[in-house]
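Peer 1: So here's upload_29.cif (mmCIF, C-alpha atoms and all ligand atoms).
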data_work
loop_
_atom_site.label_atom_id
_atom_site.label_comp_id
_atom_site.auth_asym_id
_atom_site.auth_seq_id
_atom_site.Cartn_x
_atom_site.Cartn_y
_atom_site.Cartn_z
CA MET V 13 42.98 132.59 103.81
CA LEU V 14 46.29 133.97 104.96
CA ALA V 15 45.58 133.05 108.56
CA ALA V 16 45.02 129.44 107.43
CA ALA V 17 48.46 129.25 105.89
CA PRO V 18 51.16 127.49 107.97
CA ALA V 19 52.95 129.87 110.32
CA GLY V 20 56.40 129.33 108.73
CA ARG V 21 55.32 129.98 105.12
CA PRO V 22 55.53 133.81 104.79
CA ARG V 23 58.99 133.72 106.40
CA SER V 24 60.29 131.06 104.05
CA ILE V 25 59.04 133.03 101.00
CA LEU V 26 60.82 136.10 102.37
CA ARG V 27 63.95 134.09 102.93
CA SER V 28 63.94 132.76 99.38
CA ILE V 29 63.39 136.29 97.98
CA ILE V 30 66.41 137.49 99.98
CA SER V 31 68.59 134.59 98.91
CA VAL V 32 67.59 135.02 95.24
CA SER V 33 68.39 138.75 95.36
CA ILE V 34 71.77 138.02 96.99
CA ALA V 35 72.51 135.47 94.26
CA VAL V 36 71.61 138.05 91.59
CA SER V 37 73.60 140.91 93.09
CA VAL V 38 76.72 138.87 93.98
CA PRO V 39 77.19 136.33 91.18
CA ALA V 40 79.76 133.60 91.72
CA PRO V 41 82.72 134.28 89.39
CA ALA V 42 82.31 132.19 86.25
CA ARG V 43 85.19 129.74 85.94
CA TYR V 44 86.53 127.48 83.24
CA THR V 45 85.15 123.95 83.71
CA LEU V 46 87.12 121.55 85.90
CA LEU V 47 88.12 119.66 82.76
CA ALA V 48 89.43 122.82 81.06
CA ARG V 49 91.35 123.85 84.20
CA THR V 50 92.84 120.35 84.56
CA PHE V 51 94.01 120.38 80.93
CA HIS V 52 95.39 123.91 81.28
CA TRP V 53 97.50 123.35 84.40
CA THR V 54 98.65 119.83 83.49
CA ILE V 55 99.89 121.04 80.10
CA ALA V 56 101.42 124.19 81.65
CA VAL V 57 103.45 122.05 84.11
CA LEU V 58 104.46 119.65 81.33
CA MET V 59 105.61 122.61 79.21
CA ALA V 60 107.94 123.64 82.04
CA GLY V 61 109.10 120.00 82.10
CA MET V 62 109.97 120.24 78.39
CA PHE V 63 112.42 123.06 79.01
CA ILE V 64 113.83 121.48 82.19
CA THR V 65 114.47 118.09 80.52
CA MET V 66 116.13 119.84 77.55
CA PHE V 67 118.27 121.96 79.90
CA LEU V 68 119.42 118.81 81.76
CA HIS V 69 119.99 116.93 78.48
CA GLN V 70 122.12 119.70 77.02
CA GLY V 71 123.98 120.11 80.33
CA ALA V 72 124.99 116.42 80.49
CA ALA V 73 128.14 115.08 78.82
CA GLU V 74 127.51 114.13 75.18
CA ASN V 75 126.24 110.54 74.70
CA SER V 76 126.37 109.92 78.48
CA PRO V 77 123.64 107.82 80.17
CA ALA V 78 122.33 111.04 81.74
CA ALA V 79 122.05 112.75 78.32
CA LEU V 80 120.16 109.73 76.98
CA TYR V 81 117.89 109.61 80.03
CA TRP V 82 116.89 113.27 79.72
CA ILE V 83 116.30 113.21 75.96
CA LYS V 84 114.07 110.14 76.42
CA ALA V 85 112.17 111.98 79.17
CA HIS V 86 111.90 115.00 76.85
CA MET V 87 110.44 112.88 74.04
CA SER V 88 108.00 111.05 76.33
CA LEU V 89 106.68 114.21 78.00
CA GLY V 90 106.50 115.98 74.62
CA LEU V 91 104.31 113.25 73.15
CA LEU V 92 102.16 113.40 76.28
CA VAL V 93 101.72 117.16 75.70
CA PHE V 94 100.61 116.36 72.15
CA GLY V 95 98.04 113.75 73.28
CA LEU V 96 96.60 115.99 75.99
CA SER V 97 96.45 119.02 73.67
CA LEU V 98 94.59 116.96 71.07
CA LEU V 99 92.11 115.78 73.73
CA ARG V 100 91.78 119.38 74.98
CA LEU V 101 90.90 120.49 71.45
CA LEU V 102 88.40 117.65 70.96
CA ALA V 103 86.79 118.32 74.36
CA ARG V 104 86.02 121.87 73.08
CA GLN V 105 85.62 123.52 76.46
CA THR V 106 83.87 126.85 76.03
CA PRO V 107 85.36 129.75 78.03
CA PRO V 108 83.25 131.47 80.70
CA GLU V 109 81.77 134.93 80.17
CA PRO V 110 84.77 136.99 78.90
CA LEU V 111 85.84 139.84 81.18
CA SER V 112 87.67 141.94 78.60
CA ARG V 113 86.25 143.29 75.35
CA GLY V 114 87.42 144.62 71.99
CA ILE V 115 91.14 144.64 71.15
CA ALA V 116 92.15 143.27 74.59
CA ARG V 117 89.90 140.22 74.14
CA LEU V 118 91.13 139.72 70.57
CA ALA V 119 94.76 139.81 71.77
CA ALA V 120 94.06 137.36 74.63
CA VAL V 121 92.19 134.88 72.42
CA GLY V 122 94.83 135.21 69.66
CA MET V 123 97.57 134.43 72.19
CA GLN V 124 95.62 131.44 73.58
CA LYS V 125 95.11 130.01 70.06
CA LEU V 126 98.84 130.47 69.35
CA LEU V 127 99.77 128.65 72.57
CA LEU V 128 97.40 125.81 71.73
CA LEU V 129 99.02 125.58 68.28
CA VAL V 130 102.47 125.54 69.91
CA THR V 131 101.51 122.59 72.16
CA LEU V 132 100.30 120.70 69.07
CA LEU V 133 103.01 121.61 66.54
CA LEU V 134 106.17 121.49 68.69
CA PRO V 135 105.77 117.78 69.54
CA VAL V 136 105.20 117.04 65.83
CA THR V 137 108.34 118.92 64.73
CA GLY V 138 110.33 117.27 67.58
CA PHE V 139 109.05 113.83 66.56
CA LEU V 140 109.96 114.45 62.90
CA ARG V 141 113.36 115.86 63.92
CA VAL V 142 114.19 112.53 65.57
CA MET V 143 112.59 110.36 62.86
CA THR V 144 114.33 112.07 59.92
CA HIS V 145 117.65 111.68 61.70
CA GLY V 146 117.08 107.93 61.52
CA TYR V 147 116.70 107.59 65.32
CA ALA V 148 113.94 105.82 67.23
CA VAL V 149 111.50 107.87 69.29
CA SER V 150 111.08 106.88 72.92
CA PHE V 151 107.74 106.99 74.73
CA PHE V 152 107.89 105.94 78.40
CA GLY V 153 109.93 102.80 77.65
CA TYR V 154 108.24 102.03 74.31
CA THR V 155 110.29 102.53 71.15
CA ILE V 156 108.90 103.85 67.86
CA PRO V 157 111.47 103.02 65.16
CA SER V 158 112.31 105.58 62.46
CA VAL V 159 110.22 104.96 59.35
CA THR V 160 112.13 107.49 57.24
CA GLY V 161 115.75 106.60 58.01
CA ASN V 162 118.36 109.36 57.90
CA MET V 163 117.24 112.15 55.54
CA PRO V 164 119.82 114.94 56.10
CA GLY V 165 118.05 117.51 53.86
CA VAL V 166 114.64 117.14 55.54
CA ASN V 167 116.26 116.79 58.97
CA ALA V 168 117.95 120.18 58.52
CA ILE V 169 114.47 121.77 58.15
CA PHE V 170 113.21 120.15 61.37
CA LYS V 171 116.39 121.18 63.18
CA VAL V 172 115.43 124.79 62.39
CA LEU V 173 111.73 124.32 63.23
CA HIS V 174 112.49 122.44 66.47
CA GLY V 175 115.63 124.38 67.42
CA GLY V 176 117.10 127.67 66.22
CA ALA V 177 114.98 130.60 67.42
CA MET V 178 112.09 128.33 68.51
CA PRO V 179 112.86 128.23 72.27
CA LEU V 180 113.10 132.04 72.41
CA ILE V 181 109.82 132.52 70.48
CA VAL V 182 107.94 129.98 72.63
CA LEU V 183 109.31 131.36 75.90
CA THR V 184 108.34 134.90 74.80
CA LEU V 185 104.76 133.79 74.02
CA ILE V 186 104.41 132.00 77.36
CA GLY V 187 106.03 134.95 79.17
CA LEU V 188 103.56 137.42 77.63
CA HIS V 189 100.63 135.12 78.49
CA ILE V 190 101.74 134.86 82.15
CA ALA V 191 102.47 138.61 82.34
CA ALA V 192 98.95 139.34 81.01
CA ALA V 193 97.38 137.02 83.61
CA LEU V 194 99.37 138.71 86.42
CA PHE V 195 98.53 142.19 85.08
CA HIS V 196 94.81 141.34 85.21
CA HIS V 197 95.12 139.96 88.73
CA PHE V 198 97.36 142.53 90.41
CA VAL V 199 96.80 145.74 88.40
CA LEU V 200 93.29 145.54 86.90
CA LYS V 201 92.22 143.41 89.89
CA ASP V 202 89.63 141.50 87.84
CA ALA V 203 88.75 137.78 87.96
CA THR V 204 90.65 136.69 84.81
CA LEU V 205 93.15 134.57 86.77
CA LYS V 206 90.48 133.32 89.20
CA GLN V 207 88.57 131.91 86.22
CA MET V 208 91.43 129.50 85.66
CA VAL V 209 92.10 128.37 89.26
C1 LIG X 1 105.65 120.74 73.58
C2 LIG X 1 106.61 119.90 73.31
C3 LIG X 1 108.07 120.24 73.17
C4 LIG X 1 108.78 121.35 73.56
C5 LIG X 1 108.27 122.60 74.26
C6 LIG X 1 110.17 121.13 73.17
C7 LIG X 1 111.18 122.02 73.41
C8 LIG X 1 112.49 121.85 72.97
C9 LIG X 1 113.55 122.80 73.16
C10 LIG X 1 113.39 124.14 73.87
C11 LIG X 1 114.67 122.29 72.59
C12 LIG X 1 116.06 122.94 72.54
C13 LIG X 1 116.30 123.50 71.16
C14 LIG X 1 117.64 124.17 71.01
O1 LIG X 1 118.33 124.35 72.00
O2 LIG X 1 117.99 124.50 69.89
C15 LIG X 1 114.31 121.00 72.06
C16 LIG X 1 115.20 120.15 71.42
C17 LIG X 1 114.90 118.88 71.01
N1 LIG X 1 113.67 118.26 71.12
FE1 LIG X 1 111.98 119.06 71.85
N2 LIG X 1 110.25 119.89 72.59
C18 LIG X 1 109.01 119.31 72.56
C19 LIG X 1 108.68 118.07 72.08
C20 LIG X 1 109.58 117.16 71.57
C21 LIG X 1 109.25 115.82 71.12
C22 LIG X 1 107.87 115.19 71.18
C23 LIG X 1 110.41 115.27 70.67
C24 LIG X 1 110.65 113.90 70.09
C25 LIG X 1 109.77 112.90 70.07
C26 LIG X 1 111.46 116.24 70.84
C27 LIG X 1 112.79 116.06 70.49
C28 LIG X 1 113.79 117.00 70.59
C29 LIG X 1 115.16 116.78 70.14
C30 LIG X 1 115.73 115.52 69.52
C31 LIG X 1 115.86 117.96 70.41
C32 LIG X 1 117.35 118.25 70.15
C33 LIG X 1 118.16 117.75 71.31
C34 LIG X 1 119.62 118.10 71.21
O3 LIG X 1 119.97 119.26 70.95
O4 LIG X 1 120.43 117.20 71.42
N3 LIG X 1 110.93 117.39 71.40
N4 LIG X 1 112.99 120.75 72.31
C1 LIG X 2 101.98 130.32 85.27
C2 LIG X 2 101.55 130.01 84.06
C3 LIG X 2 100.20 130.37 83.48
C4 LIG X 2 99.21 131.19 83.93
C5 LIG X 2 99.18 132.03 85.21
C6 LIG X 2 98.12 131.13 82.98
C7 LIG X 2 96.93 131.81 83.09
C8 LIG X 2 95.86 131.69 82.22
C9 LIG X 2 94.58 132.37 82.38
C10 LIG X 2 94.22 133.29 83.53
C11 LIG X 2 93.79 132.00 81.35
C12 LIG X 2 92.34 132.48 81.08
C13 LIG X 2 92.43 133.76 80.28
C14 LIG X 2 91.13 134.27 79.71
O1 LIG X 2 90.12 133.60 79.79
O2 LIG X 2 91.18 135.37 79.11
C15 LIG X 2 94.55 131.10 80.50
C16 LIG X 2 94.09 130.51 79.35
C17 LIG X 2 94.85 129.73 78.53
N1 LIG X 2 96.18 129.39 78.72
FE1 LIG X 2 97.33 129.85 80.31
N2 LIG X 2 98.50 130.31 81.95
C18 LIG X 2 99.75 129.81 82.21
C19 LIG X 2 100.48 128.97 81.43
C20 LIG X 2 100.09 128.51 80.19
C21 LIG X 2 100.91 127.71 79.32
C22 LIG X 2 102.35 127.25 79.63
C23 LIG X 2 100.16 127.43 78.20
C24 LIG X 2 100.54 126.65 76.98
C25 LIG X 2 101.70 126.63 76.42
C26 LIG X 2 98.86 128.09 78.38
C27 LIG X 2 97.83 128.06 77.47
C28 LIG X 2 96.57 128.60 77.66
C29 LIG X 2 95.45 128.41 76.75
C30 LIG X 2 95.47 127.58 75.45
C31 LIG X 2 94.37 129.11 77.30
C32 LIG X 2 92.93 129.21 76.74
C33 LIG X 2 91.96 128.44 77.60
C34 LIG X 2 92.13 126.95 77.47
O3 LIG X 2 92.01 126.43 76.36
O4 LIG X 2 92.41 126.30 78.50
N3 LIG X 2 98.86 128.74 79.60
N4 LIG X 2 95.81 130.93 81.06
#
Would you mind writing the structure in this file as structure tokens?
Ligand code: HEM
Ligand code: HEM
Peer 2:
Amino acid sequence: MLAAAPAGRPRSILRSIISVSIAVSVPAPARYTLLARTFHWTIAVLMAGMFITMFLHQGAAENSPAALYWIKAHMSLGLLVFGLSLLRLLARQTPPEPLSRGIARLAAVGMQKLLLLVTLLLPVTGFLRVMTHGYAVSFFGYTIPSVTGNMPGVNAIFKVLHGGAMPLIVLTLIGLHIAAALFHHFVLKDATLKQMV
């Protein structure tokens, strides 16, 4: 029976056994899906853009064309962050097999949920800060007129929520998130960062 089998067959079975065992012993690192990675890095770059546009706006002379240009850019990019974060939430991308367990995992997931909340809530508070001041919101050349008019009392609340200690809190959260990713990569030398690239 065996002699009747084609000459190449036993070798090809052997080869497939070897390749299967290699695949089992050296698994490819699980990564976030391409969609999840695209959302993550696009929003991360836009978040940097939010601080850069605000820095340039605040650095320009008051009411100058440059100040207006940068606040419009800030509003437009901020609303884009909101739209993308909403889509990211709706797309419900499940993370790959988690590498850390227990408290470390809890802290990482807690931080990620906080960051997601930040990318959803900050644009809303920014939008309402502009609206309740009686100003129009700009979105890449389109204008959304204020529906509330000037409401100084309410506006004062949004000035605190989208101002005050907010930049420091947000930058601290992002800083801790980046530091954790670098700690995993360079100190623990695990694949946490590789999952996201
Ligand atoms: C993720 C999105 C956003 C981030 C990270 C962000 C961040 C910031 C930061 C750091 C400041 C400076 C606050 C201060 O110095 O006290 C600021 C101010 C401001 N933001 Fe945003 N923002 C976002 C979205 C928006 C949106 C969507 C709008 C409006 C549609 C907006 C409108 C404003 C306004 C009007 C100010 C005050 C500008 C001024 O001081 O003249 N922001 N934002
Ligand atoms: C240089 C900057 C950044 C690096 C190196 C980085 C790295 C990472 C890594 C390695 C993960 C996967 C962690 C795990 O699975 O345990 C992750 C997830 C995540 N990061 Fe970042 N991150 C950066 C910036 C940001 C920024 C600016 C935000 C938002 C403000 C953000 C929000 C998130 C969220 C929400 C997740 C959960 C997974 C997802 O929904 O995509 N990251 N990040």
Peer 1: From the list V:Ala73, V:Met59, V:Leu47, V:Ala120, which residue is nearest ligand LIG 1 (chain X) when using only C-alpha atoms and all ligand atoms?
Peer 2: V:Met59
Peer 1: V:Ile181, V:Leu194, V:Met87, V:Met143: which is nearest ligand LIG 2 (chain X), counting all atoms listed in the file?
Peer 2: V:Leu194
Peer 1: Which residues are near region 144-154 of chain V? Cut-off 12 Å, all atoms listed in the file, ignore same chain within fewer than 3 positions. Put them as a PyMOL selection string.
Peer 2: chain V and resi 80-93+95+135-141+157-171
Peer 1: Could those selected residues go to a file with C-alpha atoms, as an mmCIF file, in the frame of the given file?
Peer 2:
data_model
loop_
_atom_site.group_PDB
_atom_site.id
_atom_site.type_symbol
_atom_site.label_atom_id
_atom_site.label_comp_id
_atom_site.auth_asym_id
_atom_site.auth_seq_id
_atom_site.Cartn_x
_atom_site.Cartn_y
_atom_site.Cartn_z
ATOM 1 C CA LEU V 80 120.160 109.730 76.980
ATOM 2 C CA TYR V 81 117.890 109.610 80.030
ATOM 3 C CA TRP V 82 116.890 113.270 79.720
ATOM 4 C CA ILE V 83 116.300 113.210 75.960
ATOM 5 C CA LYS V 84 114.070 110.140 76.420
ATOM 6 C CA ALA V 85 112.170 111.980 79.170
ATOM 7 C CA HIS V 86 111.900 115.000 76.850
ATOM 8 C CA MET V 87 110.440 112.880 74.040
ATOM 9 C CA SER V 88 108.000 111.050 76.330
ATOM 10 C CA LEU V 89 106.680 114.210 78.000
ATOM 11 C CA GLY V 90 106.500 115.980 74.620
ATOM 12 C CA LEU V 91 104.310 113.250 73.150
ATOM 13 C CA LEU V 92 102.160 113.400 76.280
ATOM 14 C CA VAL V 93 101.720 117.160 75.700
ATOM 15 C CA GLY V 95 98.040 113.750 73.280
ATOM 16 C CA PRO V 135 105.770 117.780 69.540
ATOM 17 C CA VAL V 136 105.200 117.040 65.830
ATOM 18 C CA THR V 137 108.340 118.920 64.730
ATOM 19 C CA GLY V 138 110.330 117.270 67.580
ATOM 20 C CA PHE V 139 109.050 113.830 66.560
ATOM 21 C CA LEU V 140 109.960 114.450 62.900
ATOM 22 C CA ARG V 141 113.360 115.860 63.920
ATOM 23 C CA PRO V 157 111.470 103.020 65.160
ATOM 24 C CA SER V 158 112.310 105.580 62.460
ATOM 25 C CA VAL V 159 110.220 104.960 59.350
ATOM 26 C CA THR V 160 112.130 107.490 57.240
ATOM 27 C CA GLY V 161 115.750 106.600 58.010
ATOM 28 C CA ASN V 162 118.360 109.360 57.900
ATOM 29 C CA MET V 163 117.240 112.150 55.540
ATOM 30 C CA PRO V 164 119.820 114.940 56.100
ATOM 31 C CA GLY V 165 118.050 117.510 53.860
ATOM 32 C CA VAL V 166 114.640 117.140 55.540
ATOM 33 C CA ASN V 167 116.260 116.790 58.970
ATOM 34 C CA ALA V 168 117.950 120.180 58.520
ATOM 35 C CA ILE V 169 114.470 121.770 58.150
ATOM 36 C CA PHE V 170 113.210 120.150 61.370
ATOM 37 C CA LYS V 171 116.390 121.180 63.180
#
Peer 1: All residues within 7 Å of ligand LIG 2 (chain X) are required, counting all atoms listed in the file; please report them as a VMD selection string.
Peer 2: chain V and resid 48 to 49 51 to 52 55 to 57 59 107 110 120 to 121 124 to 125 127 to 128 130 to 131 186 189 to 190 193 to 194 204 to 208
Peer 1: Provide the atom C8 of ligand LIG 1 (chain X) to CA of Phe195 (chain V) distance in Å, to one decimal place.
Peer 2: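 So the two atoms, atom C8 of ligand LIG 1 (chain X) and CA of Phe195 (chain V), lie 27.5 Å apart.
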Peer 1: Interatomic distance between CA of Leu185 (chain V) and CA of Met62 (chain V)?
Peer 2: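 Separation of CA of Leu185 (chain V) and CA of Met62 (chain V): 15.2 Å.
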Peer 1: What is the CA of Leu68 (chain V)-CA of Leu132 (chain V) distance in Å, reported with one decimal?
Peer 2: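 Calculated distance between CA of Leu68 (chain V) and CA of Leu132 (chain V) is 23.0 Å.
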Peer 1: Taking only C-alpha atoms and all ligand atoms into account, name the residue in V:Gln105, V:Thr65, V:Thr184, V:Ser112 that is nearest to ligand LIG 1 (chain X).
Peer 2: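 Result for the nearest residue to ligand LIG 1 (chain X): V:Thr65.
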Peer 1: Put a box with edges along x, y and z around all the listed atoms of ligand LIG 1 (chain X), pad it by 8 Å on each side, then give me its centre and sizes in Å, one decimal, as lines of an AutoDock Vina configuration file.
Peer 2:
center_x = 113.0
center_y = 118.7
center_z = 71.9
size_x = 30.8
size_y = 27.6
size_z = 20.7
Peer 1: V:Leu101, V:Leu118, V:Ala78, V:Leu58: which is nearest ligand LIG 1 (chain X), counting only C-alpha atoms and all ligand atoms?
Peer 2: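 Distance minimum relative to ligand LIG 1 (chain X) lands on V:Leu58.
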Peer 1: I need the residue nearest ligand LIG 1 (chain X) from this list: V:Gly175, V:Gly61, V:Gly114, V:Gly122. Use only C-alpha atoms and all ligand atoms for the distance.
Peer 2: V:Gly175
Peer 1: Measuring atom to atom with only C-alpha atoms, identify which of V:Val199, V:Leu129, V:Met178, V:Leu183 is nearest to Leu98 (chain V).
Peer 2: V:Leu129
